[in-house]
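Content type JSON, C-alpha atoms, from the file structure13.json:
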[["chain", "number", "residue", "atom", "x", "y", "z"],
["E", 1, "MET", "CA", 4.70, 10.33, 19.70],
["E", 2, "LYS", "CA", 4.15, 13.91, 18.54],
["E", 3, "HIS", "CA", 0.71, 15.29, 17.97],
["E", 4, "TRP", "CA", 0.34, 17.35, 14.82],
["E", 5, "ARG", "CA", -1.12, 20.81, 15.09],
["E", 6, "GLY", "CA", 0.45, 22.96, 12.41],
["E", 7, "ALA", "CA", 4.22, 22.56, 12.38],
["E", 8, "VAL", "CA", 5.95, 21.77, 9.12],
["E", 9, "ALA", "CA", 8.71, 19.40, 10.21],
["E", 10, "LEU", "CA", 8.17, 16.77, 12.88],
["E", 11, "THR", "CA", 10.65, 14.99, 15.07],
["E", 12, "ILE", "CA", 9.48, 11.51, 15.86],
["E", 13, "SER", "CA", 10.05, 10.63, 19.47],
["E", 14, "SER", "CA", 7.76, 7.64, 19.67],
["E", 15, "ALA", "CA", 8.77, 4.65, 21.73],
["E", 16, "LEU", "CA", 8.24, 2.66, 18.55],
["E", 17, "VAL", "CA", 11.23, 4.34, 17.00],
["E", 18, "THR", "CA", 14.60, 2.82, 17.59],
["E", 19, "GLY", "CA", 17.83, 4.65, 17.09],
["E", 20, "PRO", "CA", 18.19, 8.39, 16.75],
["E", 21, "ALA", "CA", 15.15, 10.57, 16.30],
["E", 22, "VAL", "CA", 13.98, 10.87, 12.73],
["E", 23, "GLN", "CA", 13.25, 14.17, 11.08],
["E", 24, "VAL", "CA", 10.23, 13.96, 8.76],
["E", 25, "ARG", "CA", 9.95, 16.62, 6.11],
["E", 26, "ALA", "CA", 6.55, 16.26, 4.52],
["E", 27, "ASN", "CA", 3.68, 18.67, 4.23],
["E", 28, "PRO", "CA", 0.66, 17.09, 5.96],
["E", 29, "THR", "CA", -1.75, 19.37, 4.15],
["E", 30, "ALA", "CA", -0.56, 17.84, 0.88],
["E", 31, "VAL", "CA", -2.29, 14.60, 1.91],
["E", 32, "PRO", "CA", -6.06, 15.24, 1.75],
["E", 33, "ALA", "CA", -7.07, 12.91, 4.57],
["E", 34, "VAL", "CA", -4.39, 14.32, 6.86],
["E", 35, "ALA", "CA", -5.44, 17.86, 6.00],
["E", 36, "VAL", "CA", -9.06, 17.01, 6.83],
["E", 37, "CYS", "CA", -7.99, 15.50, 10.13],
["E", 38, "VAL", "CA", -5.81, 18.49, 11.03],
["E", 39, "ALA", "CA", -8.77, 20.78, 10.40],
["E", 40, "SER", "CA", -11.23, 18.65, 12.36],
["E", 41, "VAL", "CA", -12.11, 18.79, 16.04],
["E", 42, "GLY", "CA", -11.51, 15.45, 17.71],
["E", 43, "CYS", "CA", -9.23, 14.08, 15.01],
["E", 44, "VAL", "CA", -5.59, 13.77, 16.05],
["E", 45, "VAL", "CA", -2.63, 13.29, 13.71],
["E", 46, "THR", "CA", 0.49, 11.60, 14.99],
["E", 47, "VAL", "CA", 3.58, 10.18, 13.33],
["E", 48, "VAL", "CA", 5.09, 6.79, 14.06],
["E", 49, "ALA", "CA", 7.80, 4.70, 12.47],
["E", 50, "ILE", "CA", 7.19, 0.96, 12.29],
["E", 51, "ALA", "CA", 9.67, -1.44, 10.74],
["E", 52, "GLY", "CA", 11.46, 1.38, 8.99],
["E", 53, "VAL", "CA", 8.33, 2.91, 7.48],
["E", 54, "THR", "CA", 7.02, 6.24, 8.70],
["E", 55, "TYR", "CA", 3.25, 6.72, 8.90],
["E", 56, "TRP", "CA", 0.80, 9.51, 9.54],
["E", 57, "VAL", "CA", -1.61, 8.06, 12.14],
["E", 58, "LEU", "CA", -5.09, 9.59, 12.08],
["E", 59, "SER", "CA", -7.02, 8.89, 15.28],
["E", 60, "ASN", "CA", -10.67, 9.77, 15.30],
["E", 61, "ASN", "CA", -13.52, 8.49, 17.44],
["E", 62, "GLY", "CA", -11.60, 5.41, 18.50],
["E", 63, "GLN", "CA", -10.63, 4.51, 14.93],
["E", 64, "GLU", "CA", -7.08, 4.67, 13.65],
["E", 65, "LEU", "CA", -5.78, 4.96, 10.09],
["E", 66, "ARG", "CA", -2.15, 4.80, 8.99],
["E", 67, "ILE", "CA", -0.89, 6.51, 5.86],
["E", 68, "PRO", "CA", 2.73, 6.07, 4.79],
["E", 69, "VAL", "CA", 4.57, 9.37, 4.78],
["E", 70, "LEU", "CA", 6.04, 9.84, 1.33],
["E", 71, "SER", "CA", 9.03, 11.34, 2.96],
["E", 72, "TYR", "CA", 12.30, 12.17, 1.48],
["E", 73, "THR", "CA", 14.82, 14.69, 2.66],
["E", 74, "PRO", "CA", 15.62, 17.15, -0.07],
["E", 75, "THR", "CA", 18.66, 19.26, 0.37],
["E", 76, "PRO", "CA", 17.74, 22.91, 0.96],
["E", 77, "ASP", "CA", 18.61, 23.87, -2.61],
["E", 78, "GLN", "CA", 17.08, 20.81, -4.29],
["E", 79, "GLN", "CA", 13.34, 20.21, -4.25],
["E", 80, "LEU", "CA", 12.46, 16.73, -5.51],
["E", 81, "GLU", "CA", 9.42, 16.22, -7.64],
["E", 82, "ASP", "CA", 7.56, 13.27, -9.17],
["E", 83, "TRP", "CA", 6.40, 13.00, -12.77],
["E", 84, "GLU", "CA", 5.16, 10.34, -15.16],
["E", 85, "ASP", "CA", 6.31, 9.22, -18.57],
["E", 86, "TYR", "CA", 5.38, 6.25, -20.73],
["E", 87, "VAL", "CA", 7.15, 3.33, -22.38],
["E", 88, "TRP", "CA", 6.04, 0.51, -24.68],
["E", 89, "ALA", "CA", 6.90, -2.94, -23.38],
["E", 90, "ASP", "CA", 5.94, -6.59, -23.76],
["E", 91, "ASN", "CA", 5.78, -7.41, -20.07],
["E", 92, "GLU", "CA", 6.44, -6.04, -16.58],
["E", 93, "GLN", "CA", 10.14, -6.90, -16.51],
["E", 94, "GLN", "CA", 10.74, -5.13, -19.80],
["E", 95, "ALA", "CA", 8.63, -2.14, -18.71],
["E", 96, "ARG", "CA", 10.69, -1.69, -15.55],
["E", 97, "ARG", "CA", 13.93, -1.99, -17.52],
["E", 98, "LYS", "CA", 12.79, 0.66, -20.01],
["E", 99, "CYS", "CA", 11.65, 2.96, -17.21],
["E", 100, "ASN", "CA", 15.12, 2.67, -15.68],
["E", 101, "LEU", "CA", 16.72, 3.47, -19.03],
["E", 102, "LEU", "CA", 14.58, 6.61, -19.21],
["E", 103, "ALA", "CA", 15.64, 7.52, -15.67],
["E", 104, "GLU", "CA", 19.28, 7.22, -16.74],
["E", 105, "GLN", "CA", 18.58, 9.52, -19.69],
["E", 106, "TYR", "CA", 16.90, 12.07, -17.42],
["E", 107, "THR", "CA", 19.85, 11.84, -15.04],
["E", 108, "ASN", "CA", 22.37, 12.40, -17.81],
["E", 109, "GLN", "CA", 20.39, 15.28, -19.29],
["E", 110, "GLY", "CA", 19.68, 17.06, -16.01],
["E", 111, "GLY", "CA", 22.87, 16.30, -14.14],
["E", 112, "SER", "CA", 21.04, 15.18, -11.00],
["E", 113, "LEU", "CA", 19.91, 11.71, -10.00],
["E", 114, "VAL", "CA", 16.49, 10.60, -11.25],
["E", 115, "THR", "CA", 15.08, 7.36, -9.87],
["E", 116, "VAL", "CA", 12.11, 5.17, -10.80],
["E", 117, "VAL", "CA", 9.51, 5.14, -8.04],
["E", 118, "ARG", "CA", 6.87, 2.87, -9.57],
["E", 119, "VAL", "CA", 5.82, 1.17, -12.79],
["E", 120, "ARG", "CA", 2.24, 0.35, -13.78],
["E", 121, "ARG", "CA", 0.39, -0.74, -16.89],
["E", 122, "ALA", "CA", -1.39, 2.24, -18.41],
["E", 123, "SER", "CA", -3.56, 0.49, -20.97],
["E", 124, "GLN", "CA", -6.43, -1.89, -20.41],
["E", 125, "ARG", "CA", -4.81, -4.57, -22.52],
["E", 126, "GLY", "CA", -1.65, -3.50, -24.24],
["E", 127, "SER", "CA", 1.98, -2.48, -24.18],
["E", 128, "ARG", "CA", 1.67, 1.02, -22.71],
["E", 129, "TRP", "CA", 3.24, 1.36, -19.26],
["E", 130, "ALA", "CA", 3.55, 4.39, -17.00],
["E", 131, "CYS", "CA", 6.77, 5.09, -15.12],
["E", 132, "THR", "CA", 6.77, 7.44, -12.13],
["E", 133, "PHE", "CA", 10.10, 9.23, -11.71],
["E", 134, "ARG", "CA", 11.51, 11.20, -8.81],
["E", 135, "GLY", "CA", 14.28, 13.68, -9.18],
["X", 136, "MET", "CA", -10.08, -18.44, 3.31],
["X", 137, "THR", "CA", -9.43, -16.32, 0.22],
["X", 138, "HIS", "CA", -6.59, -16.38, -2.24],
["X", 139, "LEU", "CA", -5.39, -13.49, -4.37],
["X", 140, "ILE", "CA", -4.21, -14.68, -7.78],
["X", 141, "LYS", "CA", -2.22, -12.79, -10.38],
["X", 142, "THR", "CA", -2.64, -14.67, -13.64],
["X", 143, "VAL", "CA", 0.20, -14.12, -16.10],
["X", 144, "MET", "CA", -0.69, -15.25, -19.62],
["X", 145, "SER", "CA", 2.51, -15.51, -21.63],
["X", 146, "TYR", "CA", 2.19, -15.53, -25.42],
["X", 147, "PRO", "CA", 4.79, -17.24, -27.61],
["X", 148, "PRO", "CA", 7.85, -15.00, -28.26],
["X", 149, "GLY", "CA", 7.19, -12.44, -30.98],
["X", 150, "HIS", "CA", 3.43, -13.01, -31.07],
["X", 151, "VAL", "CA", 1.14, -9.96, -30.84],
["X", 152, "PRO", "CA", -2.37, -11.02, -29.78],
["X", 153, "SER", "CA", -5.39, -9.56, -31.53],
["X", 154, "GLY", "CA", -6.90, -6.55, -29.83],
["X", 155, "TRP", "CA", -3.56, -5.65, -28.29],
["X", 156, "ASP", "CA", -2.98, -1.91, -27.72],
["X", 157, "ALA", "CA", 0.40, -1.10, -29.25],
["X", 158, "PRO", "CA", 1.75, 1.28, -31.89],
["X", 159, "GLU", "CA", 1.26, 0.22, -35.49],
["X", 160, "GLY", "CA", 4.03, -2.13, -36.55],
["X", 161, "TYR", "CA", 4.97, -2.95, -32.95],
["X", 162, "VAL", "CA", 7.45, -5.81, -32.88],
["X", 163, "PRO", "CA", 7.80, -7.55, -29.50],
["X", 164, "GLU", "CA", 11.31, -7.98, -28.17],
["X", 165, "GLY", "CA", 10.23, -10.99, -26.12],
["X", 166, "SER", "CA", 7.03, -12.58, -24.90],
["X", 167, "ILE", "CA", 3.97, -10.38, -24.52],
["X", 168, "GLU", "CA", 2.20, -11.00, -21.23],
["X", 169, "ASP", "CA", -1.44, -10.41, -20.37],
["X", 170, "TYR", "CA", -2.34, -9.98, -16.70],
["X", 171, "ASP", "CA", -5.39, -10.58, -14.59],
["X", 172, "LEU", "CA", -5.82, -10.17, -10.85],
["X", 173, "ALA", "CA", -8.68, -11.63, -8.84],
["X", 174, "PHE", "CA", -9.69, -13.08, -5.50],
["X", 175, "ALA", "CA", -10.54, -16.78, -5.54],
["X", 176, "GLU", "CA", -11.77, -19.34, -3.06],
["X", 177, "ASP", "CA", -9.15, -21.89, -4.09],
["X", 178, "ALA", "CA", -5.46, -21.76, -4.89],
["X", 179, "PRO", "CA", -4.48, -22.23, -8.56],
["X", 180, "VAL", "CA", -3.24, -25.66, -9.58],
["X", 181, "VAL", "CA", -0.72, -26.52, -12.28],
["X", 182, "GLY", "CA", -2.51, -28.09, -15.23],
["X", 183, "GLN", "CA", -5.78, -26.20, -14.75],
["X", 184, "GLN", "CA", -7.15, -24.80, -18.00],
["X", 185, "PHE", "CA", -9.36, -21.80, -18.70],
["X", 186, "GLU", "CA", -10.53, -19.56, -21.54],
["X", 187, "ALA", "CA", -9.40, -15.95, -21.81],
["X", 188, "TYR", "CA", -9.06, -13.49, -24.68],
["X", 189, "GLY", "CA", -10.27, -16.12, -27.13],
["X", 190, "GLN", "CA", -7.52, -18.56, -26.21],
["X", 191, "ARG", "CA", -7.32, -21.69, -24.08],
["X", 192, "TRP", "CA", -4.68, -21.29, -21.39],
["X", 193, "ALA", "CA", -3.04, -23.83, -19.09],
["X", 194, "ILE", "CA", -1.39, -23.04, -15.76],
["X", 195, "ALA", "CA", 2.23, -24.11, -16.14],
["X", 196, "ARG", "CA", 3.70, -22.90, -12.85],
["X", 197, "VAL", "CA", 2.43, -21.44, -9.58],
["X", 198, "GLN", "CA", 4.54, -19.28, -7.29],
["X", 199, "THR", "CA", 2.99, -18.80, -3.86],
["X", 200, "TYR", "CA", 3.68, -15.93, -1.47],
["X", 201, "GLN", "CA", 2.65, -16.48, 2.15],
["X", 202, "PRO", "CA", 1.47, -13.64, 4.44],
["X", 203, "LEU", "CA", 3.91, -12.36, 7.05],
["X", 204, "ASN", "CA", 1.12, -10.75, 9.05],
["X", 205, "GLN", "CA", -2.52, -11.74, 9.44],
["X", 206, "TYR", "CA", -5.36, -9.35, 8.80],
["X", 207, "GLU", "CA", -9.10, -9.63, 9.26],
["X", 208, "THR", "CA", -9.68, -10.17, 5.54],
["X", 209, "ALA", "CA", -8.25, -13.66, 6.05],
["X", 210, "LEU", "CA", -6.31, -13.51, 2.81],
["X", 211, "GLU", "CA", -4.51, -16.82, 2.90],
["X", 212, "ALA", "CA", -1.95, -16.36, 0.16],
["X", 213, "PHE", "CA", -0.93, -14.51, -2.98],
["X", 214, "HIS", "CA", -0.21, -16.62, -6.05],
["X", 215, "VAL", "CA", 1.30, -15.93, -9.44],
["X", 216, "ALA", "CA", -0.18, -18.41, -11.93],
["X", 217, "LEU", "CA", 2.05, -18.53, -15.01],
["X", 218, "CYS", "CA", 0.09, -19.68, -18.03],
["X", 219, "THR", "CA", 0.88, -20.62, -21.60],
["X", 220, "LEU", "CA", -1.08, -21.85, -24.58],
["X", 221, "ASP", "CA", 0.84, -25.14, -24.83],
["X", 222, "SER", "CA", 1.31, -25.92, -21.09],
["X", 223, "SER", "CA", 5.06, -25.33, -21.35],
["X", 224, "THR", "CA", 6.70, -23.39, -18.54],
["X", 225, "PRO", "CA", 7.31, -19.85, -19.80],
["X", 226, "ALA", "CA", 10.83, -18.47, -19.66],
["X", 227, "ARG", "CA", 10.16, -15.16, -17.97],
["X", 228, "GLU", "CA", 12.58, -12.29, -18.37],
["X", 229, "PRO", "CA", 14.76, -11.63, -15.31],
["X", 230, "TRP", "CA", 14.69, -8.23, -13.60],
["X", 231, "HIS", "CA", 17.33, -6.23, -15.45],
["X", 232, "ASP", "CA", 19.36, -5.11, -12.42],
["X", 233, "GLY", "CA", 19.10, -8.35, -10.48],
["X", 234, "SER", "CA", 16.98, -6.76, -7.77],
["X", 235, "ALA", "CA", 13.29, -7.60, -7.78],
["X", 236, "PRO", "CA", 10.66, -4.91, -7.14],
["X", 237, "ILE", "CA", 7.73, -5.01, -4.73],
["X", 238, "MET", "CA", 4.43, -6.06, -6.27],
["X", 239, "VAL", "CA", 1.76, -3.75, -4.80],
["X", 240, "VAL", "CA", -1.97, -4.50, -5.01],
["X", 241, "HIS", "CA", -4.57, -1.93, -3.98],
["X", 242, "ALA", "CA", -7.69, -3.37, -2.34],
["X", 243, "ALA", "CA", -10.62, -1.89, -0.47],
["X", 244, "SER", "CA", -10.96, -2.94, 3.15],
["X", 245, "GLY", "CA", -14.39, -4.28, 2.24],
["X", 246, "GLY", "CA", -12.66, -7.00, 0.27],
["X", 247, "GLU", "CA", -12.76, -5.79, -3.34],
["X", 248, "LEU", "CA", -9.91, -4.90, -5.63],
["X", 249, "ILE", "CA", -9.64, -1.19, -6.44],
["X", 250, "ALA", "CA", -9.81, -0.34, -10.15],
["X", 251, "ASN", "CA", -7.35, 1.99, -11.85],
["X", 252, "GLU", "CA", -8.20, 4.73, -14.38],
["X", 253, "VAL", "CA", -8.66, 2.17, -17.19],
["X", 254, "GLY", "CA", -10.95, -0.04, -15.11],
["X", 255, "GLU", "CA", -8.39, -2.76, -14.43],
["X", 256, "PRO", "CA", -7.29, -3.98, -11.00],
["X", 257, "ASN", "CA", -4.89, -1.44, -9.57],
["X", 258, "TRP", "CA", -1.46, -3.05, -9.18],
["X", 259, "GLU", "CA", 2.03, -1.65, -9.67],
["X", 260, "LEU", "CA", 5.70, -2.37, -9.19],
["X", 261, "VAL", "CA", 7.25, -0.18, -6.50],
["X", 262, "GLU", "CA", 10.95, 0.06, -5.74],
["X", 263, "ARG", "CA", 10.79, 0.77, -1.99],
["X", 264, "GLU", "CA", 8.04, 0.16, 0.54],
["X", 265, "GLU", "CA", 8.12, 3.75, 1.79],
["X", 266, "TRP", "CA", 7.24, 4.83, -1.75],
["X", 267, "ILE", "CA", 3.89, 3.07, -1.66],
["X", 268, "SER", "CA", 1.14, 5.65, -1.91],
["X", 269, "PRO", "CA", -2.63, 5.25, -1.64],
["X", 270, "ALA", "CA", -4.84, 4.80, -4.66],
["X", 271, "GLU", "CA", -6.61, 7.99, -5.73],
["X", 272, "GLY", "CA", -9.32, 9.01, -3.27],
["X", 273, "MET", "CA", -8.34, 6.31, -0.78],
["X", 274, "VAL", "CA", -6.65, 6.28, 2.60],
["X", 275, "ILE", "CA", -4.41, 3.38, 3.53],
["X", 276, "GLU", "CA", -5.67, 1.40, 6.50],
["X", 277, "ARG", "CA", -3.23, -1.52, 6.61],
["X", 278, "LEU", "CA", -0.41, -3.08, 4.63],
["X", 279, "GLN", "CA", -0.33, -6.85, 4.38],
["X", 280, "HIS", "CA", 3.02, -8.37, 3.38],
["X", 281, "PHE", "CA", 3.60, -11.63, 1.52],
["X", 282, "GLU", "CA", 6.88, -13.40, 0.80],
["X", 283, "LEU", "CA", 7.86, -16.37, -1.33],
["X", 284, "VAL", "CA", 8.13, -19.64, 0.51],
["X", 285, "VAL", "CA", 10.26, -21.23, -2.18],
["X", 286, "GLU", "CA", 13.42, -20.14, -3.95],
["X", 287, "ARG", "CA", 12.92, -17.04, -6.09],
["X", 288, "ALA", "CA", 12.74, -17.66, -9.83],
["X", 289, "SER", "CA", 13.20, -15.28, -12.75],
["X", 290, "GLY", "CA", 10.58, -12.55, -12.67],
["X", 291, "ASP", "CA", 9.48, -13.16, -9.06],
["X", 292, "TYR", "CA", 8.96, -10.21, -6.72],
["X", 293, "SER", "CA", 11.02, -9.33, -3.65],
["X", 294, "GLN", "CA", 7.72, -9.30, -1.79],
["X", 295, "VAL", "CA", 4.04, -8.62, -2.36],
["X", 296, "VAL", "CA", 2.21, -5.91, -0.44],
["X", 297, "VAL", "CA", -1.56, -5.71, -0.40],
["X", 298, "VAL", "CA", -2.60, -2.16, 0.45],
["X", 299, "TRP", "CA", -5.96, -2.28, 2.24],
["X", 300, "SER", "CA", -7.63, 1.13, 2.00],
["X", 301, "VAL", "CA", -10.84, 2.96, 2.78],
["X", 302, "ILE", "CA", -12.44, 5.79, 0.85],
["X", 303, "ALA", "CA", -11.01, 9.11, 2.01],
["X", 304, "VAL", "CA", -14.43, 10.77, 2.11],
["X", 305, "ALA", "CA", -15.54, 8.29, 4.80],
["X", 306, "LEU", "CA", -12.93, 9.71, 7.13],
["X", 307, "ASP", "CA", -13.99, 13.21, 6.14],
["X", 308, "ASN", "CA", -17.60, 12.46, 7.10],
["X", 309, "GLU", "CA", -16.58, 10.90, 10.38],
["X", 310, "ALA", "CA", -14.51, 13.94, 11.24],
["X", 311, "HIS", "CA", -17.42, 16.26, 10.57],
["X", 312, "GLN", "CA", -19.82, 14.10, 12.59],
["X", 313, "THR", "CA", -17.43, 14.21, 15.52],
["X", 314, "ALA", "CA", -17.08, 17.96, 15.18],
["X", 315, "ALA", "CA", -20.86, 18.37, 15.16]]
When written as structure tokens, how does the structure in this file appear?
Amino acid sequence: MKHWRGAVALTISSALVTGPAVQVRANPTAVPAVAVCVASVGCVVTVVAIAGVTYWVLSNNGQELRIPVLSYTPTPDQQLEDWEDYVWADNEQQARRKCNLLAEQYTNQGGSLVTVVRVRRASQRGSRWACTFRG
Amino acid sequence: MTHLIKTVMSYPPGHVPSGWDAPEGYVPEGSIEDYDLAFAEDAPVVGQQFEAYGQRWAIARVQTYQPLNQYETALEAFHVALCTLDSSTPAREPWHDGSAPIMVVHAASGGELIANEVGEPNWELVEREEWISPAEGMVIERLQHFELVVERASGDYSQVVVVWSVIAVALDNEAHQTAA
């Protein structure tokens, strides 16, 4: 387990990790709670991988919090970003299908793969749904 | 023990309920669904009836997801209660690509559901577990996983994940107290 104190890329060497060491490329200061912990005396940030999911582990005063690392490994010349767009749909299945159709359109327009990360209803009671894309 | 219930109210195909937020002239392609999410003391039962949105609904089918890991909230199960106006079992649309998403519910570790920006329970469909992110202003404390105990039907999820979180500022305060 590596303790975080300012590096940008971490190599996980925890006993919890099986297989080859995993390189995590994620900026800890982009996650507010992790940034607070890094800047605080007595709060220690570590990284572990459990069941295939990588977590920031914030240890402070005997308490421990885990935050999934939204990690992806961009190629050096391709920085991935997330954005939202909206669709109108009757139900969750249809919303997800329409989000995926939009992702295909983005992929065709931009020439690089765009994927749907999440889908959520964006109106209190209605047909407006938000799609989060990554590409 | 507590149950978490997602109530799916399925309107007849083509019907747009009153008060529905949609563009003028919106024509449904299929069945509009209304959703509610709540903790309950008891599991839903097929045949139960209730009033919502000025209509009388009947539970036509219940899909139950059992927890894979226990957590101190003692959440016994997650249920999807499929409801219709005439007690018939709704024909839900299948997931378009044949692969079901993860149903993610955001809850506070104190035992309440976290509201989204429109004041509704914060739930979403996520494609991969590592893409689950905390609700705004929250820090994830634990993930609790639920899986179907029966054969998956059309519209069911690959799994359900309840994201138990605490307010980020609480950690901030603790850190400062320790530093002091």
### Query
Within 7 Å of chain E, which residues of chain X show up when using all atoms listed in the file, listed as a PyMOL selection string?
chain X and resi 155-157+163+165-168+228-231+253+255+258-262+265-266+268+274-277+290+303+307+310-311+313-314
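Between CA of Tyr146 (chain X) and CA of Thr219 (chain X) lies a distance of 6.5 Å.
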### Task
Provide the CA of Asn204 (chain X) to CA of Ala250 (chain X) distance in Å, to one decimal place.
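These two atoms are separated by 24.4 Å.
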### Query
So which one's closest to Asn257 (chain X), X:Asp221, X:Val239, X:Phe185, X:Val304? Using only C-alpha atoms, please.
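Between X:Asp221, X:Val239, X:Phe185, X:Val304, the residue approaching Asn257 (chain X) most closely is X:Val239.
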Box along x, y and z, 5 Å on every side, all listed atoms of region 219-225 of chain X inside: centre and edge lengths in Å to one decimal, as lines of an AutoDock Vina configuration file.
center_x = 3.1
center_y = -22.9
center_z = -21.7
size_x = 18.4
size_y = 16.1
size_z = 16.3
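CA of Gly110 (chain E) to CA of Ile237 (chain X) spans 27.5 Å [interatomic distance, one decimal].
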### Message
Which residues are near His241 (chain X)? Cut-off 8 Å, only C-alpha atoms, ignore same chain within fewer than 6 positions. Put them as JSON, numbers by chain.
### Response
{"X": [248, 249, 256, 257, 258, 269, 270, 297, 298, 299, 300]}
### Summary
Using all atoms listed in the file, the residue out of X:Gln294, X:Ser153, X:Ser145, X:Asn251 with shortest distance to Ser234 (chain X) is X:Gln294
### Query
Which residue gives the smallest distance to His138 (chain X) among X:Asp171, X:Glu211, X:Glu164, X:Glu159, with all atoms listed in the file counted?
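For His138 (chain X), the nearest of the given residues is X:Glu211.
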### Query
Which residue, X:Glu282, X:Asp291, X:Asp169, X:Asp177, has the smallest gap to Leu203 (chain X) when you use all atoms listed in the file?
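Looking only at the distances to Leu203 (chain X), the closest residue turns out to be X:Glu282.
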